[in-house]
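What's in work.cif: mmCIF, C-alpha atoms and all ligand atoms
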data_input
loop_
_atom_site.label_atom_id
_atom_site.label_comp_id
_atom_site.auth_asym_id
_atom_site.auth_seq_id
_atom_site.Cartn_x
_atom_site.Cartn_y
_atom_site.Cartn_z
CA MET A 28 130.00 127.45 156.46
CA ALA A 29 130.03 128.48 160.15
CA GLU A 30 128.92 125.86 162.66
CA PHE A 31 125.31 125.75 163.84
CA SER A 32 124.90 127.13 167.38
CA PRO A 33 121.60 126.11 169.06
CA GLY A 34 119.79 129.20 170.31
CA LEU A 35 122.49 131.24 168.49
CA GLU A 36 124.50 131.02 171.73
CA GLY A 37 127.81 132.84 171.35
CA VAL A 38 126.96 134.13 167.86
CA VAL A 39 127.67 137.85 167.41
CA ALA A 40 124.66 139.01 165.39
CA ALA A 41 124.81 142.78 165.93
CA GLN A 42 127.10 145.67 166.71
CA THR A 43 125.67 148.19 169.13
CA GLU A 44 126.57 151.17 171.29
CA ILE A 45 123.30 151.15 173.23
CA SER A 46 123.84 148.69 176.08
CA GLU A 47 126.35 146.08 177.12
CA VAL A 48 125.64 143.04 179.27
CA ASP A 49 128.79 141.77 180.99
CA GLY A 50 127.60 138.34 182.06
CA GLN A 51 130.80 137.22 183.79
CA ASN A 52 131.03 140.23 186.09
CA GLY A 53 127.31 140.91 186.48
CA ARG A 54 127.45 144.40 185.01
CA LEU A 55 125.00 146.24 182.79
CA ILE A 56 126.09 149.37 180.93
CA TYR A 57 123.71 151.81 179.23
CA ARG A 58 125.57 153.96 176.68
CA GLY A 59 128.72 153.79 178.78
CA GLY A 60 126.93 154.52 182.07
CA HIS A 61 127.10 151.87 184.79
CA LEU A 62 123.61 150.68 185.84
CA ILE A 63 124.20 150.98 189.57
CA GLN A 64 126.31 154.18 189.73
CA ASP A 65 124.98 156.20 186.80
CA VAL A 66 121.54 154.98 185.83
CA ALA A 67 119.53 153.68 188.78
CA ASP A 68 118.54 157.10 190.18
CA LYS A 69 117.40 158.64 186.88
CA THR A 70 113.86 159.01 185.57
CA TYR A 71 112.57 156.84 182.75
CA GLU A 72 112.46 159.86 180.41
CA GLU A 73 116.14 160.59 181.11
CA ILE A 74 117.07 156.97 180.38
CA ALA A 75 114.99 156.86 177.19
CA TYR A 76 116.78 160.01 176.03
CA LEU A 77 120.13 158.44 176.93
CA LEU A 78 119.34 155.30 174.92
CA TRP A 79 118.19 157.33 171.91
CA HIS A 80 120.93 160.00 171.94
CA GLY A 81 123.91 158.55 173.79
CA GLN A 82 123.93 161.24 176.50
CA LEU A 83 121.68 162.40 179.29
CA PRO A 84 119.34 165.29 178.48
CA GLY A 85 119.94 168.83 179.70
CA ARG A 86 117.05 170.75 181.23
CA GLN A 87 115.81 172.04 177.88
CA GLN A 88 116.02 168.67 176.13
CA LEU A 89 114.15 167.07 179.01
CA ALA A 90 111.38 169.68 178.81
CA GLU A 91 111.10 169.12 175.05
CA LEU A 92 111.01 165.36 175.54
CA HIS A 93 108.30 165.75 178.18
CA ASP A 94 106.19 167.80 175.73
CA GLY A 95 106.79 165.32 172.92
CA MET A 96 105.79 162.40 175.11
CA ALA A 97 102.73 164.18 176.52
CA ALA A 98 101.59 164.86 172.93
CA GLY A 99 102.09 161.20 172.01
CA ARG A 100 100.11 159.70 174.90
CA LYS A 101 96.63 159.84 173.39
CA LEU A 102 95.03 156.77 171.84
CA LYS A 103 93.83 157.14 168.27
CA PRO A 104 90.09 156.34 167.86
CA GLN A 105 91.03 153.19 165.88
CA THR A 106 93.18 152.00 168.81
CA LEU A 107 90.41 152.42 171.34
CA ALA A 108 87.97 150.69 168.97
CA ALA A 109 90.40 147.77 168.53
CA LEU A 110 90.85 147.42 172.31
CA ARG A 111 87.09 147.52 172.87
CA ALA A 112 86.62 144.75 170.31
CA LEU A 113 88.81 142.28 172.23
CA PRO A 114 87.40 139.69 174.66
CA ALA A 115 87.63 140.96 178.26
CA ASP A 116 89.63 137.91 179.33
CA CYS A 117 92.32 138.05 176.65
CA ASP A 118 95.97 138.13 177.68
CA PRO A 119 96.91 141.81 178.20
CA MET A 120 99.95 141.23 175.96
CA ASP A 121 97.58 140.32 173.13
CA ALA A 122 95.73 143.58 173.79
CA LEU A 123 99.00 145.54 173.74
CA ARG A 124 100.08 143.85 170.51
CA THR A 125 96.70 144.66 168.93
CA GLY A 126 96.51 148.19 170.34
CA LEU A 127 99.98 149.20 169.20
CA SER A 128 99.31 147.70 165.80
CA ALA A 129 96.11 149.72 165.50
CA GLN A 130 97.89 152.89 166.65
CA GLY A 131 100.43 152.41 163.82
CA ALA A 132 97.95 151.47 161.08
CA ALA A 133 98.71 153.78 158.14
CA PRO A 134 98.29 153.83 154.36
CA ASP A 135 102.04 153.66 153.73
CA CYS A 136 105.20 152.21 155.29
CA PRO A 137 106.99 155.16 156.92
CA LYS A 138 110.71 154.95 157.67
CA PRO A 139 111.43 154.73 161.44
CA THR A 140 112.12 158.13 163.03
CA LEU A 141 112.93 159.41 166.51
CA ASP A 142 109.57 161.23 166.66
CA GLN A 143 107.78 157.93 166.10
CA ALA A 144 109.98 156.30 168.75
CA ILE A 145 108.88 158.98 171.24
CA SER A 146 105.20 158.59 170.32
CA TYR A 147 105.16 154.79 170.58
CA THR A 148 107.03 154.93 173.89
CA ALA A 149 104.58 157.53 175.17
CA VAL A 150 101.42 155.72 174.09
CA THR A 151 102.30 152.23 175.34
CA PRO A 152 101.29 152.91 178.99
CA THR A 153 98.03 154.41 177.71
CA ILE A 154 97.24 151.18 175.84
CA VAL A 155 98.17 149.07 178.87
CA ALA A 156 96.13 151.20 181.28
CA ALA A 157 93.13 151.29 178.91
CA THR A 158 93.27 147.49 178.69
CA TYR A 159 93.42 147.26 182.48
CA ARG A 160 90.31 149.46 182.79
CA LEU A 161 88.33 147.88 179.94
CA GLN A 162 88.94 144.38 181.30
CA ARG A 163 87.33 145.55 184.56
CA GLY A 164 84.34 147.00 182.74
CA GLU A 165 85.59 150.57 183.37
CA GLU A 166 86.24 153.41 180.94
CA PRO A 167 89.85 154.37 180.13
CA ILE A 168 91.22 157.45 181.89
CA GLU A 169 92.75 160.29 179.87
CA PRO A 170 96.49 160.88 180.36
CA ARG A 171 97.52 163.98 182.33
CA ASP A 172 100.04 166.14 180.49
CA ALA A 173 101.63 167.61 183.62
CA LEU A 174 102.64 164.23 185.05
CA GLY A 175 105.89 162.40 184.36
CA HIS A 176 105.85 159.10 182.50
CA ALA A 177 105.68 156.75 185.51
CA ALA A 178 103.23 158.88 187.52
CA ASN A 179 100.93 159.29 184.54
CA PHE A 180 100.97 155.51 183.96
CA LEU A 181 99.70 154.94 187.52
CA HIS A 182 97.18 157.78 187.24
CA MET A 183 95.65 156.12 184.15
CA LEU A 184 95.06 152.91 186.12
CA ASP A 185 92.81 154.38 188.81
CA GLY A 186 92.50 158.15 188.25
CA LYS A 187 94.02 158.86 191.66
CA GLU A 188 96.78 161.31 192.53
CA PRO A 189 99.90 159.17 191.98
CA ASP A 190 101.42 157.95 195.20
CA HIS A 191 105.11 158.89 195.67
CA ASP A 192 106.27 155.42 196.71
CA ARG A 193 104.39 153.57 193.98
CA THR A 194 105.74 156.01 191.40
CA HIS A 195 109.26 155.33 192.67
CA TYR A 196 108.78 151.54 192.40
CA LEU A 197 107.47 151.82 188.86
CA GLN A 198 110.10 154.36 187.84
CA THR A 199 112.92 152.14 189.14
CA TYR A 200 111.50 149.11 187.39
CA LEU A 201 111.09 150.99 184.08
CA VAL A 202 114.69 152.25 184.26
CA MET A 203 116.12 148.80 185.07
CA LEU A 204 114.42 147.05 182.16
CA ALA A 205 114.83 149.67 179.44
CA ASP A 206 117.53 147.88 177.47
CA HIS A 207 119.54 144.68 177.65
CA GLY A 208 121.80 143.90 174.71
CA LEU A 209 120.63 141.52 172.04
CA ASN A 210 117.82 139.82 173.96
CA ALA A 211 115.19 137.89 171.97
CA SER A 212 112.66 140.73 171.60
CA THR A 213 115.28 143.32 170.66
CA PHE A 214 116.71 140.92 168.11
CA SER A 215 113.17 140.40 166.74
CA ALA A 216 112.76 144.18 166.40
CA ARG A 217 116.10 144.51 164.60
CA VAL A 218 115.40 141.58 162.25
CA THR A 219 111.96 142.96 161.38
CA ALA A 220 113.22 146.50 160.86
CA SER A 221 116.07 145.24 158.67
CA THR A 222 113.55 144.40 155.95
CA GLY A 223 112.84 148.12 155.56
CA THR A 224 109.43 147.89 157.20
CA ASP A 225 107.92 150.50 159.54
CA LEU A 226 108.74 150.96 163.22
CA CYS A 227 105.31 149.78 164.41
CA SER A 228 105.76 146.41 162.68
CA ALA A 229 109.15 145.97 164.36
CA LEU A 230 107.62 146.79 167.76
CA VAL A 231 104.73 144.40 167.29
CA ALA A 232 107.23 141.62 166.46
CA ALA A 233 109.16 142.48 169.63
CA ILE A 234 106.00 142.38 171.75
CA GLY A 235 105.24 138.90 170.42
CA ALA A 236 108.72 137.71 171.39
CA LEU A 237 108.59 139.32 174.82
CA LYS A 238 105.37 137.53 175.73
CA GLY A 239 107.02 134.10 176.10
CA PRO A 240 107.75 132.76 179.60
CA ALA A 241 111.42 132.22 178.74
CA HIS A 242 111.68 136.01 178.21
CA GLY A 243 109.34 138.74 179.47
CA GLY A 244 106.66 136.39 180.71
CA ALA A 245 108.98 135.16 183.46
CA ALA A 246 107.93 137.69 186.12
CA THR A 247 104.31 136.52 185.96
CA ALA A 248 105.54 132.93 185.98
CA ALA A 249 107.75 133.69 189.02
CA MET A 250 104.76 135.17 190.85
CA ASN A 251 102.67 132.10 189.94
CA MET A 252 105.45 129.91 191.32
CA LEU A 253 105.58 131.86 194.61
CA ASP A 254 101.79 131.79 194.86
CA GLU A 255 101.89 128.01 194.52
CA ILE A 256 104.65 127.71 197.14
CA GLY A 257 102.51 129.87 199.42
CA SER A 258 104.74 129.89 202.50
CA PRO A 259 108.51 129.85 203.22
CA LYS A 260 108.16 126.49 204.96
CA ASN A 261 106.96 124.86 201.71
CA ALA A 262 109.71 126.26 199.51
CA GLU A 263 112.37 123.56 199.74
CA GLN A 264 110.00 120.65 199.11
CA TRP A 265 108.16 122.46 196.31
CA LEU A 266 111.38 123.29 194.50
CA THR A 267 112.79 119.78 194.93
CA ASP A 268 109.61 118.25 193.49
CA ALA A 269 109.63 120.77 190.64
CA ILE A 270 113.22 120.09 189.61
CA ASP A 271 112.68 116.34 189.89
CA HIS A 272 109.87 116.81 187.35
CA HIS A 273 112.21 118.82 185.04
CA GLN A 274 110.40 122.08 185.74
CA ARG A 275 112.36 125.32 185.64
CA PHE A 276 112.49 127.79 188.49
CA MET A 277 111.06 130.95 187.05
CA GLY A 278 113.17 134.05 187.55
CA PHE A 279 116.41 132.04 187.59
CA GLY A 280 118.99 131.33 184.92
CA HIS A 281 120.12 133.50 182.05
CA ARG A 282 121.76 133.09 178.68
CA VAL A 283 124.40 135.72 179.41
CA TYR A 284 124.73 136.20 183.19
CA ARG A 285 126.85 133.64 185.00
CA THR A 286 126.43 135.56 188.23
CA TYR A 287 123.73 137.56 190.01
CA ASP A 288 121.86 139.84 187.61
CA PRO A 289 122.72 143.44 188.68
CA ARG A 290 119.13 144.55 188.05
CA ALA A 291 117.89 141.82 190.39
CA LYS A 292 120.26 143.14 193.08
CA ILE A 293 118.66 146.59 192.95
CA LEU A 294 115.09 145.29 192.76
CA ARG A 295 115.77 142.83 195.60
CA GLU A 296 116.80 145.66 197.91
CA LEU A 297 113.79 147.72 196.88
CA ALA A 298 111.42 144.77 197.38
CA ARG A 299 112.61 144.40 200.98
CA SER A 300 110.84 147.64 201.93
CA ALA A 301 108.33 147.96 199.06
CA ASN A 302 106.75 144.54 199.46
CA PRO A 303 107.83 142.88 202.77
CA LYS A 304 105.34 140.02 202.55
CA PHE A 305 106.54 139.12 199.07
CA TYR A 306 110.17 139.58 200.15
CA GLU A 307 109.82 137.19 203.07
CA LEU A 308 108.65 134.34 200.83
CA ALA A 309 110.80 135.27 197.82
CA SER A 310 114.09 135.55 199.72
CA VAL A 311 113.70 132.17 201.47
CA THR A 312 112.62 130.53 198.21
CA GLU A 313 115.58 132.13 196.44
CA GLU A 314 118.04 130.69 198.95
CA HIS A 315 116.73 127.16 198.39
CA ALA A 316 116.50 127.64 194.62
CA LEU A 317 120.11 128.80 194.30
CA ARG A 318 121.36 125.92 196.42
CA ILE A 319 119.36 123.32 194.43
CA LEU A 320 120.42 124.80 191.08
CA LYS A 321 124.07 124.65 192.18
CA GLN A 322 123.70 121.01 193.22
CA ARG A 323 121.93 119.99 189.99
CA HIS A 324 124.03 122.06 187.59
CA PRO A 325 127.48 122.49 189.16
CA GLU A 326 128.87 123.10 185.65
CA ARG A 327 126.55 125.99 184.86
CA PRO A 328 125.90 128.83 187.33
CA ASN A 329 122.18 129.68 187.18
CA ALA A 330 121.58 132.74 189.36
CA THR A 331 118.59 134.97 190.10
CA ASN A 332 117.52 137.07 187.13
CA VAL A 333 115.67 140.38 186.95
CA ASP A 334 112.21 138.87 186.62
CA TYR A 335 112.23 137.27 190.07
CA TYR A 336 112.20 140.46 192.16
CA SER A 337 110.42 142.41 189.39
CA ALA A 338 107.32 140.47 190.34
CA GLY A 339 107.32 141.94 193.87
CA ILE A 340 108.06 145.46 192.67
CA LEU A 341 105.30 145.45 190.07
CA GLN A 342 102.87 144.08 192.63
CA ALA A 343 103.84 146.88 195.03
CA ALA A 344 103.35 149.43 192.26
CA GLY A 345 99.78 148.15 191.91
CA PHE A 346 99.81 145.89 188.86
CA PRO A 347 98.06 142.51 188.84
CA LYS A 348 100.35 139.67 187.80
CA ASN A 349 98.82 139.15 184.36
CA PHE A 350 99.91 142.72 183.49
CA PHE A 351 103.59 142.32 184.42
CA THR A 352 104.78 141.56 180.88
CA CYS A 353 102.94 144.60 179.51
CA VAL A 354 104.79 146.84 181.95
CA PHE A 355 108.03 145.20 180.85
CA ALA A 356 107.10 146.12 177.26
CA ALA A 357 106.34 149.69 178.35
CA SER A 358 109.91 149.87 179.60
CA ARG A 359 111.76 147.97 176.86
CA ILE A 360 110.09 149.96 174.09
CA SER A 361 112.68 152.73 174.47
CA GLY A 362 115.41 150.11 173.97
CA TRP A 363 113.64 148.48 171.02
CA THR A 364 113.19 151.81 169.26
CA ALA A 365 116.80 152.86 169.99
CA HIS A 366 118.02 149.59 168.43
CA VAL A 367 115.85 149.98 165.34
CA LEU A 368 117.10 153.55 164.81
CA GLU A 369 120.71 152.49 165.39
CA TYR A 370 120.35 149.58 162.97
CA MET A 371 118.83 151.75 160.25
CA GLU A 372 121.56 154.35 160.67
CA LYS A 373 124.62 152.15 161.08
CA ASP A 374 123.87 149.01 159.11
CA GLY A 375 120.46 148.64 157.49
CA ARG A 376 121.33 145.43 155.65
CA ILE A 377 118.59 142.80 155.72
CA ILE A 378 119.25 140.19 158.46
CA ARG A 379 119.13 136.86 156.72
CA PRO A 380 121.23 134.11 158.31
CA ALA A 381 121.84 130.67 156.84
CA SER A 382 120.34 127.33 157.80
CA GLN A 383 121.93 123.91 157.70
CA TRP A 384 120.09 121.39 155.50
CA LEU A 385 119.37 118.12 157.31
CA GLY A 386 116.83 116.70 154.85
CA PRO A 387 117.34 114.06 152.16
CA GLN A 388 118.99 114.61 148.79
CA PRO A 389 116.51 115.55 146.01
CA ARG A 390 114.25 112.56 145.29
CA GLU A 391 110.80 111.71 143.98
CA LEU A 392 108.18 113.01 146.44
CA LYS A 393 105.62 110.51 147.74
CA ARG A 394 102.12 111.19 149.09
CA ALA A 395 101.10 110.10 152.59
CA GLU A 396 99.09 106.90 152.69
CA ALA A 397 95.58 106.85 154.20
CA GLY A 398 95.15 105.62 157.78
C1 LIG B 1 116.62 132.17 180.81
C2 LIG B 1 116.77 130.78 180.18
C3 LIG B 1 115.71 130.66 179.08
C4 LIG B 1 118.17 130.65 179.57
O1 LIG B 1 118.18 129.56 178.72
P1 LIG B 1 119.50 128.95 178.06
O2 LIG B 1 120.61 129.93 178.06
O3 LIG B 1 119.09 128.36 176.76
O4 LIG B 1 119.89 127.84 179.09
P2 LIG B 1 119.49 126.30 179.00
O5 LIG B 1 118.03 126.18 178.77
O6 LIG B 1 120.39 125.65 177.99
O7 LIG B 1 119.86 125.83 180.47
C5 LIG B 1 121.10 125.23 180.81
C6 LIG B 1 120.87 124.21 181.92
O8 LIG B 1 120.50 124.88 183.12
C7 LIG B 1 119.19 124.45 183.54
N1 LIG B 1 118.43 125.63 183.89
C8 LIG B 1 118.53 126.86 183.34
N2 LIG B 1 117.66 127.68 183.93
C9 LIG B 1 116.99 126.95 184.84
C10 LIG B 1 115.96 127.26 185.73
N3 LIG B 1 115.44 128.47 185.79
N4 LIG B 1 115.50 126.29 186.54
C11 LIG B 1 116.01 125.04 186.49
N5 LIG B 1 117.00 124.69 185.65
C12 LIG B 1 117.49 125.64 184.83
C13 LIG B 1 118.55 123.79 182.32
O9 LIG B 1 117.64 122.79 182.69
C14 LIG B 1 119.72 123.26 181.55
O10 LIG B 1 120.09 122.00 182.05
P3 LIG B 1 119.88 120.67 181.14
O11 LIG B 1 120.77 120.90 179.97
O12 LIG B 1 120.32 119.58 182.06
O13 LIG B 1 118.42 120.65 180.79
C15 LIG B 1 116.58 129.68 181.25
O14 LIG B 1 117.53 129.87 182.28
C16 LIG B 1 115.17 129.63 181.81
O15 LIG B 1 114.29 128.97 181.22
N6 LIG B 1 114.93 130.34 182.98
C17 LIG B 1 113.60 130.39 183.54
C18 LIG B 1 112.78 131.46 182.83
C19 LIG B 1 113.25 132.85 183.17
O16 LIG B 1 113.42 133.21 184.33
N7 LIG B 1 113.41 133.66 182.11
C20 LIG B 1 113.78 135.05 182.25
C21 LIG B 1 115.15 135.33 181.69
S1 LIG B 1 115.65 136.98 182.06
#

So, in terms of structure tokens, how does the structure I just supplied come out?
Ligand SMILES: CC(C)(COP(=O)(O)OP(=O)(O)OC[C@H]1O[C@@H](n2cnc3c(N)ncnc32)[C@H](O)[C@@H]1OP(=O)(O)O)[C@@H](O)C(=O)NCCC(=O)NCCS
Amino acid sequence: MAEFSPGLEGVVAAQTEISEVDGQNGRLIYRGGHLIQDVADKTYEEIAYLLWHGQLPGRQQLAELHDGMAAGRKLKPQTLAALRALPADCDPMDALRTGLSAQGAAPDCPKPTLDQAISYTAVTPTIVAATYRLQRGEEPIEPRDALGHAANFLHMLDGKEPDHDRTHYLQTYLVMLADHGLNASTFSARVTASTGTDLCSALVAAIGALKGPAHGGAATAAMNMLDEIGSPKNAEQWLTDAIDHHQRFMGFGHRVYRTYDPRAKILRELARSANPKFYELASVTEEHALRILKQRHPERPNATNVDYYSAGILQAAGFPKNFFTCVFAASRISGWTAHVLEYMEKDGRIIRPASQWLGPQPRELKRAEAG
């Protein structure tokens, strides 16, 4: 039997043509396109199409995708009812998990299709924005068909004409995070879909995995860390105390990257102008964090990851920090759905790895004693 690898590190558990993470050289490739040269200036719809189809859309395909997404944006009555039933202070990721689950509630177990992928991708911002409004005691705002995906997302938060800069920040963020190899949530989606279940169930599993602070929850955690540090002059001492207490620096380290995350490079540059106050604190803190991490772990390069500067971009786009992971989900959903469709088409075999038995040999079972 193959050797156990904690955290499945180094185990090849999928074959994919959707995205490639080159951790040694700090490169991310979507369907053969280089993140920085070929992807960064596209719209989210173009990138979703690329992930689903393997090529960028022409004008007609883009118009059809826009219509398909506009038609999929509306919440079903059961979804709105489910969101209204939740406590106003629940974690927005719990609301998204519940809302998407309600949206997909059906009498049967439909096979995953591209049309469903488009609908779930389209409706996720509506669920997030409705949660944002309901938690403030306000009514959800209807989506506007004429707007693009990112602009409509912002419109549903406050009903205002979407601001060009904020739309650009959100669009860039959504494009950067849309897919990333076999990360934990994508793997969860593939494992769940491999049982032959429906797409919604696979997406709900992925949302659950994304919520954790070691994965999608890291941007909120990074913002909490910076809020605690408060000022550049406190950064070095705060970080030294934290590492002495075995705390992790949020937004640093990665299973695959051994160098600067290319997405973080782009978001760092954007944050410089989009959110100067954040940038001032974040860049000084980053300098100290990288130096301390190098001192403490000379054997393992732990660099800045995407979630660190994501926090400043999402704040500049207008999202409160407890909504950051939901916006991550609204991006990654195109990747999740692309992976599920790819898996069903190319493989489809149930994912069922082995475990190594560490317990005793068969023996007579005893009951626990009282006290
Ligand atoms: C992303 C992450 C989960 C990767 O985990 P991993 O590949 O299992 O790496 P490990 O947990 O084995 O870390 C290896 C070593 O580097 C250290 N390390 C890794 N990331 C660190 C961080 N952010 N801060 C401080 N130390 C860190 C670990 O303490 C560990 O050292 P140890 O063996 O002496 O305890 C991890 O780097 C982390 O927790 N980062 C912070 C959360 C975050 O930003 N997540 C978003 C990822 S995109």

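If you count all atoms listed in the file and ignore residues fewer than 6 places along the chain from Pro139 (chain A), what sits within 12 Å of it is Gly131, Ile145, Ser146, Tyr147, Ala216, Arg217, Thr219, Ala220, Ser221, Thr222, Gly223, Thr224, Asp225, Leu226, Cys227, Ser228, Ala229, Leu230, Trp363, Thr364, Ala365, His366, Val367, Leu368, Glu369, Tyr370, Met371, Glu372 and Gly375 of chain A.
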
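Of the listed residues A:Lys292, A:Arg390, A:Ala356, A:Tyr200, the one whose atoms come nearest to Ala338 (chain A) is A:Tyr200, with distances taken using all atoms listed in the file.
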
*Could you pull out the residues sitting within 9 Å of ligand LIG 1 (chain B), using all atoms listed in the file, and write them as number ranges by chain?*
A: 33-34, 36, 210, 239-246, 248-249, 269-270, 273-283, 288, 316, 319-320, 323-324, 326-335

What would the file look like if the residues just selected were written as an mmCIF file, in the frame of the given file with C-alpha atoms?
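File written: selection_28.cif
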data_model
loop_
_atom_site.group_PDB
_atom_site.id
_atom_site.type_symbol
_atom_site.label_atom_id
_atom_site.label_comp_id
_atom_site.auth_asym_id
_atom_site.auth_seq_id
_atom_site.Cartn_x
_atom_site.Cartn_y
_atom_site.Cartn_z
ATOM 1 C CA PRO A 33 121.600 126.110 169.060
ATOM 2 C CA GLY A 34 119.790 129.200 170.310
ATOM 3 C CA GLU A 36 124.500 131.020 171.730
ATOM 4 C CA ASN A 210 117.820 139.820 173.960
ATOM 5 C CA GLY A 239 107.020 134.100 176.100
ATOM 6 C CA PRO A 240 107.750 132.760 179.600
ATOM 7 C CA ALA A 241 111.420 132.220 178.740
ATOM 8 C CA HIS A 242 111.680 136.010 178.210
ATOM 9 C CA GLY A 243 109.340 138.740 179.470
ATOM 10 C CA GLY A 244 106.660 136.390 180.710
ATOM 11 C CA ALA A 245 108.980 135.160 183.460
ATOM 12 C CA ALA A 246 107.930 137.690 186.120
ATOM 13 C CA ALA A 248 105.540 132.930 185.980
ATOM 14 C CA ALA A 249 107.750 133.690 189.020
ATOM 15 C CA ALA A 269 109.630 120.770 190.640
ATOM 16 C CA ILE A 270 113.220 120.090 189.610
ATOM 17 C CA HIS A 273 112.210 118.820 185.040
ATOM 18 C CA GLN A 274 110.400 122.080 185.740
ATOM 19 C CA ARG A 275 112.360 125.320 185.640
ATOM 20 C CA PHE A 276 112.490 127.790 188.490
ATOM 21 C CA MET A 277 111.060 130.950 187.050
ATOM 22 C CA GLY A 278 113.170 134.050 187.550
ATOM 23 C CA PHE A 279 116.410 132.040 187.590
ATOM 24 C CA GLY A 280 118.990 131.330 184.920
ATOM 25 C CA HIS A 281 120.120 133.500 182.050
ATOM 26 C CA ARG A 282 121.760 133.090 178.680
ATOM 27 C CA VAL A 283 124.400 135.720 179.410
ATOM 28 C CA ASP A 288 121.860 139.840 187.610
ATOM 29 C CA ALA A 316 116.500 127.640 194.620
ATOM 30 C CA ILE A 319 119.360 123.320 194.430
ATOM 31 C CA LEU A 320 120.420 124.800 191.080
ATOM 32 C CA ARG A 323 121.930 119.990 189.990
ATOM 33 C CA HIS A 324 124.030 122.060 187.590
ATOM 34 C CA GLU A 326 128.870 123.100 185.650
ATOM 35 C CA ARG A 327 126.550 125.990 184.860
ATOM 36 C CA PRO A 328 125.900 128.830 187.330
ATOM 37 C CA ASN A 329 122.180 129.680 187.180
ATOM 38 C CA ALA A 330 121.580 132.740 189.360
ATOM 39 C CA THR A 331 118.590 134.970 190.100
ATOM 40 C CA ASN A 332 117.520 137.070 187.130
ATOM 41 C CA VAL A 333 115.670 140.380 186.950
ATOM 42 C CA ASP A 334 112.210 138.870 186.620
ATOM 43 C CA TYR A 335 112.230 137.270 190.070
#

Could you list, with a cut-off of 7 Å and counting all atoms listed in the file, the residues of region 289-362 of chain A near region 116-125 of chain A, each shown with its nearest atom pair and the distance in Å rounded to one decimal, rows sorted by chain and ascending number, as a tab-separated table?
residue	atom	partner	partner_atom	distance
A:Asn349	CA	A:Pro119	CA	7.0
A:Phe350	CA	A:Pro119	CA	6.1
A:Thr352	CA	A:Met120	CA	6.9
A:Cys353	CA	A:Met120	CA	5.7

Write a file of the just-selected residues containing C-alpha atoms, as a CSV table (one decimal), in the frame of the given file.
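The new file again.csv reads:
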chain,number,residue,atom,x,y,z
A,349,ASN,CA,98.8,139.2,184.4
A,350,PHE,CA,99.9,142.7,183.5
A,352,THR,CA,104.8,141.6,180.9
A,353,CYS,CA,102.9,144.6,179.5

For region 307-323 of chain A, take all atoms listed in the file, fit an axis-aligned box around them, add 3 Å to each of the six sides, then output centre and edge lengths in Å rounded to one decimal, as lines of an AutoDock Vina configuration file.
center_x = 116.4
center_y = 128.6
center_z = 196.5
size_x = 21.4
size_y = 23.2
size_z = 19.1

Tell me, counting all atoms listed in the file, for each residue of region 292-391 of chain A within 12 Å of region 161-182 of chain A, which pair of atoms is nearest and how far apart they are in Å to one decimal, in rows ordered by chain and increasing number, as JSON lines.
{"residue": "A:Leu341", "atom": "CA", "partner": "A:Leu181", "partner_atom": "CA", "distance": 11.3}
{"residue": "A:Ala343", "atom": "CA", "partner": "A:Leu181", "partner_atom": "CA", "distance": 11.8}
{"residue": "A:Ala344", "atom": "CA", "partner": "A:Leu181", "partner_atom": "CA", "distance": 8.1}
{"residue": "A:Gly345", "atom": "CA", "partner": "A:Leu181", "partner_atom": "CA", "distance": 8.1}
{"residue": "A:Phe346", "atom": "CA", "partner": "A:Leu181", "partner_atom": "CA", "distance": 9.1}
{"residue": "A:Pro347", "atom": "CA", "partner": "A:Arg163", "partner_atom": "CA", "distance": 11.9}
{"residue": "A:Asn349", "atom": "CA", "partner": "A:Gln162", "partner_atom": "CA", "distance": 11.6}
{"residue": "A:Phe350", "atom": "CA", "partner": "A:Gln162", "partner_atom": "CA", "distance": 11.3}
{"residue": "A:Cys353", "atom": "CA", "partner": "A:Phe180", "partner_atom": "CA", "distance": 11.9}
{"residue": "A:Val354", "atom": "CA", "partner": "A:Phe180", "partner_atom": "CA", "distance": 9.7}
{"residue": "A:Ala357", "atom": "CA", "partner": "A:Phe180", "partner_atom": "CA", "distance": 9.7}
{"residue": "A:Ser358", "atom": "CA", "partner": "A:Ala177", "partner_atom": "CA", "distance": 10.0}

Keeping C-alpha atoms, export the residues of the selection given above as a PDB file, in the coordinates of the input.
ATOM      1  CA  LEU A 341     105.300 145.450 190.070  1.00  0.00           C
ATOM      2  CA  ALA A 343     103.840 146.880 195.030  1.00  0.00           C
ATOM      3  CA  ALA A 344     103.350 149.430 192.260  1.00  0.00           C
ATOM      4  CA  GLY A 345      99.780 148.150 191.910  1.00  0.00           C
ATOM      5  CA  PHE A 346      99.810 145.890 188.860  1.00  0.00           C
ATOM      6  CA  PRO A 347      98.060 142.510 188.840  1.00  0.00           C
ATOM      7  CA  ASN A 349      98.820 139.150 184.360  1.00  0.00           C
ATOM      8  CA  PHE A 350      99.910 142.720 183.490  1.00  0.00           C
ATOM      9  CA  CYS A 353     102.940 144.600 179.510  1.00  0.00           C
ATOM     10  CA  VAL A 354     104.790 146.840 181.950  1.00  0.00           C
ATOM     11  CA  ALA A 357     106.340 149.690 178.350  1.00  0.00           C
ATOM     12  CA  SER A 358     109.910 149.870 179.600  1.00  0.00           C
TER      13      SER A 358
END

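You can rank A:Lys321, A:Arg193, A:Arg58, A:Arg285 by their closest distance to Thr43 (chain A) using all atoms listed in the file, and at the top of that list sits A:Arg58.
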